[in-house]
Every structure is written in C-alpha cells, then in structure tokens.
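This report refers to the structure that appears directly beneath it.
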Amino acid sequence: MRQFTSDELRNTWKEFYVKRGHVDVGAVSLVSDGSTGVLFNVAGMQPLMPYLLGQKHPLGTRLCNVQGCVRTNDIDSVGDKSHVTFFEMMGSWSLGDYFKEERCKWSYELLTEVFGFDADHLASTVFAGDENAPRDEEGAQHRIASGFKKENIYYLGADDNWWGLEYGPCGPDSEMFYIADVPDCGPDCGPGCSCGKYTELGNDVFMQYEKHQDGSLTPLKQKNVDTGWGLERNLAFLNGSKDVYKIDLFAPVIAYIEEASKVKYESDEKLTKSMRILADHTRTSVMLIGDAAKLLPSNAGAGYVLRRLIRRAVRHARALNLNKENILKIASIFIDDIYANSYPLLVKNREFILTELGKEIERFESTLENGMKEFRKIFDNASKEGKKSIEGKEAFYLYDTFGFPIELTVELAEEEGLTVDEEGFKVCMEEQKQKARSSQKVSDTLNLSAGLFDSLDDTVKTDFVGYDEIECGAKIVALANEEALVNKLNEKENGTIITDVTSMYGTMGGQVGDKGVISTKDGEFIVEETIHLANGRIGHAGYVSRGFISENEECVVSVDRNNRADTCKNHSATHLLQKALKTVLGDHVEQKGSLVTPDRLRFDFSHNEAMSAEQIAKVEEIVNEEIKASLDVLTDVMSIKDASKTGAMALFGEKYGDTVRVVSMGKGDSGDDEADFKEAFSVELCGGTHVINTSEIQCIKILSESGVAAGVRRIEALTGDGVLAYYKEMEKILIESAGILKATPTQLVEKITHLQANLKAANSEIESLKSKAAKDAVGDLTDSVEEVKGMKLLCAKLPDADMNSLRDLGDSLKDKIKDGVVALLSECDGKVNIVIMATDSAVKAGAHAGNIIKAVAPIVGGGGGGRPNMAQAGGKNPAGIDDALKAVRTELEKML
C-alpha cells in the first residue's frame, strides 16, 4: 500500500478522474438547502440531486470532487477510533453516461494501480435483491471481470447494499473491502463482520430508481453512478492505522491536547474518548461557522445541532481540565495549520469563527455551572430515594430554568447509571407550548381559498408584467369566493380573481403584494392583497365594490401607484441597508429575512450581539449618503452563472432559476460589465420591485435594533414620507412634554436633569426617615438577645421595613451585640423581606448567614442566599414569618 498525506490523497483522487474525462465541480456549503429533507449535506451526491434526476449539468455528465459533509445521526458513537461528525467524501459521478462496466473497471484500477492493493486482499459486496428490486448479478459480473476474485464476491441485503436518502435517487450499491491476513472469526465471517478482518474502502452506488415521499420506487430517466470514498478512514488505513485521530488532519490537535491536559493519548480510555470528541466537535463547529452559510448556534434546526456540538466539546474539555482558551487554540490549529490550503474560506473567516465560537462557549460555561449544581441535587435526591430514573418534570426544570439541553441531561444521567423519562419531558414541553399558544391572540385573516384553484387546467397561468407596467389589459380566467370556484362575484362579495396577465406584484421574497383595482365594463373589484398560487398563477384577493365581475371578461388591472411607490422605496432601502451593515459590522452579515411594506421595512441579519448606538448611527448615515448620491437603480436579467461573476449578494438557501434579475445601485457605465458591477455600491439577486433612482427614497430613519433569535438581529426603519411623519409626531410629543414641565423643548434636558437630582435627594431623605422610623419602632432590641450554644442570637419581626432599612438596622444591631447572629424579618407591601447577619467571630464558630437563609426563605415562600457574614431573601407568604424566626434558631444550632 502507498502512503499519503491528506493533501496528496485529495489531489490524487481528483487527478485520477480528470484524466478519465471528469470535471472537478468543487465543493458546496455544508448546510443543506432543505430540498432533500435533511439539515446538512450528508453525502457528496446530495447537491447534485437535480442532475441525478435528469436535469442537465452545465459542466457535463462526468463529474468529481471532494465534498465536506456533516452527519450527526451517530453522534453518540463519536469517541471511538473511526466515527466523526465532519468528514470529506471523495466522489465521482456519471450522469447518464457510463454505468457498471466502466465504474467497476476504474474502481479496481484505483485500488490496485494507485493505492497499491493486490487482488488477493480485495473483496466486494453486491445487492442480494428483495421484493422491491432484483439481485444485482450484472454488478457482480463486472466486479469479477475487472479483477476481483469470484470467491471474494458477497451478496448482502438492502440494509448493507442499498443506498438512498429519505427520498430521491437510489439504487443497489457495491462496496469494496480490504481483507486482512487474519483467520475468520467463524463460519459467517465476511464483509460487514465486526471482527476487523474486513475494512471498507469505498462504495459504488448504481442509481437506477427514484424513491418518492410515499416510499414507492420508479425507474430514473437516466442511469447514474455515484462513487464515494471517505477521505479520513481511507487516509488512516493507507497509512497503516484504523484510528482516524492519528492522521494529519487530527494529529496536531491531539498533540496540543496532550500537552495542555498532561494526558497521554490512549493512556486512559475515558479521557482518550474525551480527546477525540473535543477534537471532532471543535473541527465540525469550525467548519460550520466558517462555511459559506456562516451558521451560528441557535435553538432550532442546523443551528441547534451546532450548539449541541460546541456544548459537548466544552463538557469533554472540562473533563480534561481544559477551558475556553484551549478550545479556541484547537480551533485556530484547524484553521491556520491543518486546513489553511484546502479550505481557504476558514482563513478568511478566522476572526468571525473564533469570536462566535468563544461567545457560545462563554454562554454554555455559565449554563453548565448553574445547571450542574441543580443536576447534582436531583441526582442526590434520586439516589437517596433509590430511584433509577430522573423524572421528566425534573429534566424539563433543568431545561426551562437553566437552559440545560435534554441531551446533556441524558448523557450525565447515563454516566451516573440513571435513565431519563424523555417522554415525560416531551409532555412538559408540549404543555408549555400549549400555554404559549393559548395566551397568544390569534387574529382572523382573509381566507384566500388558494387550494380551490388546484383543480384548474395546468395551462391556466398568469404572466406578470408589473416590472414595466403599472396598468395593463387582461382577461379574467378564474374566480372563487371563500368556498368554491364560481362564474361570477356580486357586489360586496369577497373573493379571489386570477387573470391571464397582471401588473400587480404578488407577495414574495419579503415584499408584500400590491393593492389596486380590477375594472370591467360591469363592475369594479378592490384588490386588498396579491398572492402567488400554485402552478404559476397570481391571485388577487379582495371584494367587489361595484356591480359584478364575471369569468372570461376583459378587464383592466391597475396598481395603486402610491402604495407601490412606497413599497419600492422601502425595498430599495433594504439593499442599501444590507451593504451598509456589511461595511460597519463586517462581511459575516447575511440577510436572514425581511419584510417590505408601504409603511416600513424590517430587515433580519446575522450578527451575534446588539449594535451600539454609534454603529446604528453610522449605518443610517451611510444609507442616507447613498440616497443623497442619487444612484441609478438598474436591473440586468442574466444567467445564474453570469450573475455569480458580478459578486451579487444572494439569500442563502434561496432557490434561483436559470435566469435571474440582478439589481445594482450605482453601477458604472464603462461598458465593461465586470468593472461596472464592482463600481456599484450594492449588487443583489432580487425579484422585487424598486425605485429608478435612490433619490426617490428621500431618507431613512432606523427606529429600532433588536434580537429575534440566537445570532440574528432585526432592524426596523422608515423611509420617505414615513420619516417626515415620524419626526412630526416626535415634535408633537416634544412640545407636549415641554409644556407639562413648563419649559421650552430646548430646555427639556436641563429641566429633566434638575428634576432627577431633586428626586434622588427626596428618595435619599425618605430612606433615611424609614431607617430612623424602623429603629424608633424597634426600641432597644438588645433585650431580646438569646443564646444558642453560647452564641448570641437576636431575632426580630419588624413592621413595614424595606430591605435597605433592614440592612441598616442589622448593621447597627450587629455592632451592639458585638458577637453573634442577627435575623430580621418584615412584612412590607404584602411581601416578606429577610436579612441575616453574622459577626466575624460567629462565622469562625461555624455560623453561615447564607446557608441559614437558604433554609429559612422557603418557609415564607421565597428564596435567596449570600455570604457567611450577610445574606438576604424575599418571600410571598407573610403568614410564615413566625415559623421562619423559629427556624433561624434551629439552623444556627446545627452549625455550632
């Protein structure tokens, strides 16, 4: 066998296939676009799904690449020698080109001529057939013809030799194995056996079928081949090891962990497992955050998987006595040393990766600290009571109160020999969701009856001409009221109209649909909303304001000009806003959503902390400068391939057709497209409607910046006349406020500052009077001092004293008794305040104010804590004050 470095293996793979007429298509994002029902790209073929189903690939029918993949379905297995969550898949494909004969021949050549294996040590499996598909005799014969020995061909069932995702292209596969020179483990020893004699090298999938969402199979229009070899496992094996953590993609990290933790790799089974998990999960996290999608930790979807990976890494780092700085060092080794050449995007996004990773680690360390204390209490109670399981409500308490993921609770419980009632946890989670739903006010919305149009002939479609026309002639091709398709809508009747042509923009891409009027010779229909329906139709929802509207009538579709103009202003402003945000905050900013209405705009973007007032002001300033610069807003229609050359920003995960609209603001006019697009302030792929020149926007005013999810911020803003109306309202409020304070608007700041100073002085005087009143009401409490095991204890119940008063009085009494414990409780405004203090000598004798208050506070329906010499708490049950005072004595006795 020939030995390789990771870079050599990647290049050797691609060179082998390029020589055989394949094109290296490069790698795509690790985050799936959702079209295959999974969160991540889990196989090299996944991004090629449309082409495997028959669509023509622009680069031809023979393709190859090395694609990064993420799989977390077997995350619990990570920690052994072979499992990883991120891996690189070396792949090659035939899209309706060659099939089993050439594929088997080239696989054998790769194994023997390139990697140096001999036929005696090679085995292959083929599909044995089942009720859905026949036995793959053709594959077996081509394996033998290529050079595999007949006795080394094995027939296995669908569990071993059938490949496919949840739905999409699938078919029989044929795996290749290396046979070690060791005896069989038994009569059934063969590929797939866990004894270690057979090591999988690669897999050829012969895609002959398409699996539909109902589970049925149909023949593919074209026969395809998908070949996949895992880079990490093959690299380890070619270099004489079955431990992927010893290859050059992990070795520098493992060496650093050894040095930092003072633990030798493989010296301790449990700690070695933690080393592998820490290395793997950090690598995958680096890859996901540094990916083109710039994934950030969150509480849903792919972001939640990332959060779980980082948090597991932190847990196993702690097992090795490593901290945040150590994890970030591991991440930097992956970025700077291991993947600098093969994944240059990681180097480009280096600071972003380390910053976001560090933030998530800090968040979890705080969660872990508090949650672990509570988990330990729950575990201790379960042990005392002889329980073998943690209740679902307890697991939910950890999740709801401390942000403790259920997966972490399960892992910790397993380490202690307990199980977790996960079904009970789900019940508690659903109860919480139900409470949230019931407390949320749900408003009625217009029933657009969209599904009623599904029965129409597929030829019934709508041609949108609204980019160029505000008004157009059309024909009414379908009508529906709120219940059924109809031939006519009468006056005051609600319904939806489909025309063959429309100038009205349907809600899409964050831009709300147009409003307007559809007029016929017999009536008028007010369009309140325009929407996209299935099969290329556009629906106009509203009501008949005059006369009646009939099917097959000629009509005029007229857009509300002012409404459209205001929407265009806000939409164009979002483009300027996104570029300004990138300029101020960095290139990591990506659009995560938007809403564009005539009244305002809302823009969601990736950023992991609140913007400062200075940053918001700078963004607003930049946008207003570009508005003032009167930039021409141009739209170029071109192929997606040409659009990518312009540097246009695209919404990640959005599906674009072969032809797209590229909206630029400030594009040059030299005639050199590449240079002209570079000159533009903003270039985006966009199917919405826009102003002709940025000066039409007039101005922008950012109203708010807030967080809407982990790693996602939201800006809401106004443009044009909306800004003027906003300032007019602010002026009105300013004048009214000044009038109340008997000042002019320019004197408001000075007036409010003066009032605040007076208020502060008055509050201080009130607090002083309260304290004096409390002392006067108490009289000389020192007569109430008792002794507990030789220690002075002063307990008192006071009327209507707030916490500040109790603290002041406690300090005074502590000085008077000189040696002992003071406990003061008071009912104030229907609640309970508690303060407990201990002198230094009392603390030395064993008294602990914080522990006393932890035991006493629940008696009055509260909680709290503090230091040995001072603690305070609040409560909701004044009826328990007397019992709480008695408990102070009991707790102090235990301590002495």
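Residue names in the structure tokens use chain letters A, B, ... in the order shown, residue numbers from 1 in each chain, and ligand numbers from 1 in the order shown.
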
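Residue neighbourhood of A:Thr583, excluding near-sequence residues (fewer than 6 positions): Leu577, Val589, Lys618, Val619 and Ile622 of chain A, at 10 Å, using only C-alpha atoms.
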
May I have the selected residues written with C-alpha atoms, as a PDB file, in the first residue's frame?
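Produced file again.pdb, reproduced below:
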ATOM      1  CA  LEU A 577     -29.082  48.823   4.401  1.00  0.00           C
ATOM      2  CA  VAL A 589     -23.548  39.888   7.901  1.00  0.00           C
ATOM      3  CA  LYS A 618     -23.109  55.073  11.125  1.00  0.00           C
ATOM      4  CA  VAL A 619     -25.273  52.612   9.175  1.00  0.00           C
ATOM      5  CA  ILE A 622     -24.131  55.582   5.046  1.00  0.00           C
TER       6      ILE A 622
END

request  = Name all residues at most 9 Å from stretch 163-170 of chain A (count only C-alpha atoms; drop same-chain ones fewer than 4 positions away) and give them as a ChimeraX atom specification.
outcome  = /A:36-38,46,49,52-53,158-159,205-215,217,220,224

query = From the list A:Glu750, A:Asp130, A:Glu411, A:Asp800, which residue is nearest A:Asp829 when using only C-alpha atoms?
reply = A:Asp800

task = Quick one: everything within 8 Å of A:Leu825, counting only C-alpha atoms, minus sequence neighbours fewer than 5 positions away in the same chain. Send it as a list in words.
result = Ala796, Lys797, Leu798, Leu806, Val832, Asn833, Ile834, Val835, Ile881 and Leu885 of chain A

request  = Could you pull out the residues in stretch 628-790 of chain A that DSSP calls strand (DSSP E or B) from the backbone, as a VMD selection string?
outcome  = chain A and resid 632 to 639 649 659 to 665 682 to 685 693 700 to 709 712 to 719 786 to 788

ask   = Quick one, how far is atom CA of A:Glu684 from atom CA of A:Gly466?
value = 19.5 Å

query = Residues at most 10 Å from A:Tyr343, counting only C-alpha atoms, excluding those fewer than 4 positions away in the same chain, as JSON, numbers by chain?
reply = {"A": [68, 287, 290, 291, 334, 335, 338, 339, 347, 348]}

request  = DSSP on the backbone, then: every residue of stretch 125-264 of chain A marked alpha helix (DSSP H), written as a ChimeraX atom specification.
outcome  = /A:137-146,158-161,231-238,251-261

Shell of 12 Å around stretch 841-858 of chain A, only C-alpha atoms, local chain residues under 6 positions omitted, as an MDAnalysis selection string = chainID A and resid 788:793 814 817:825 832:835 864:878 880:896

task = Using only C-alpha atoms, find the one residue out of A:Leu59, A:Ile836, A:Leu408, A:Val42 that sits nearest to A:Ser29.
result = A:Val42
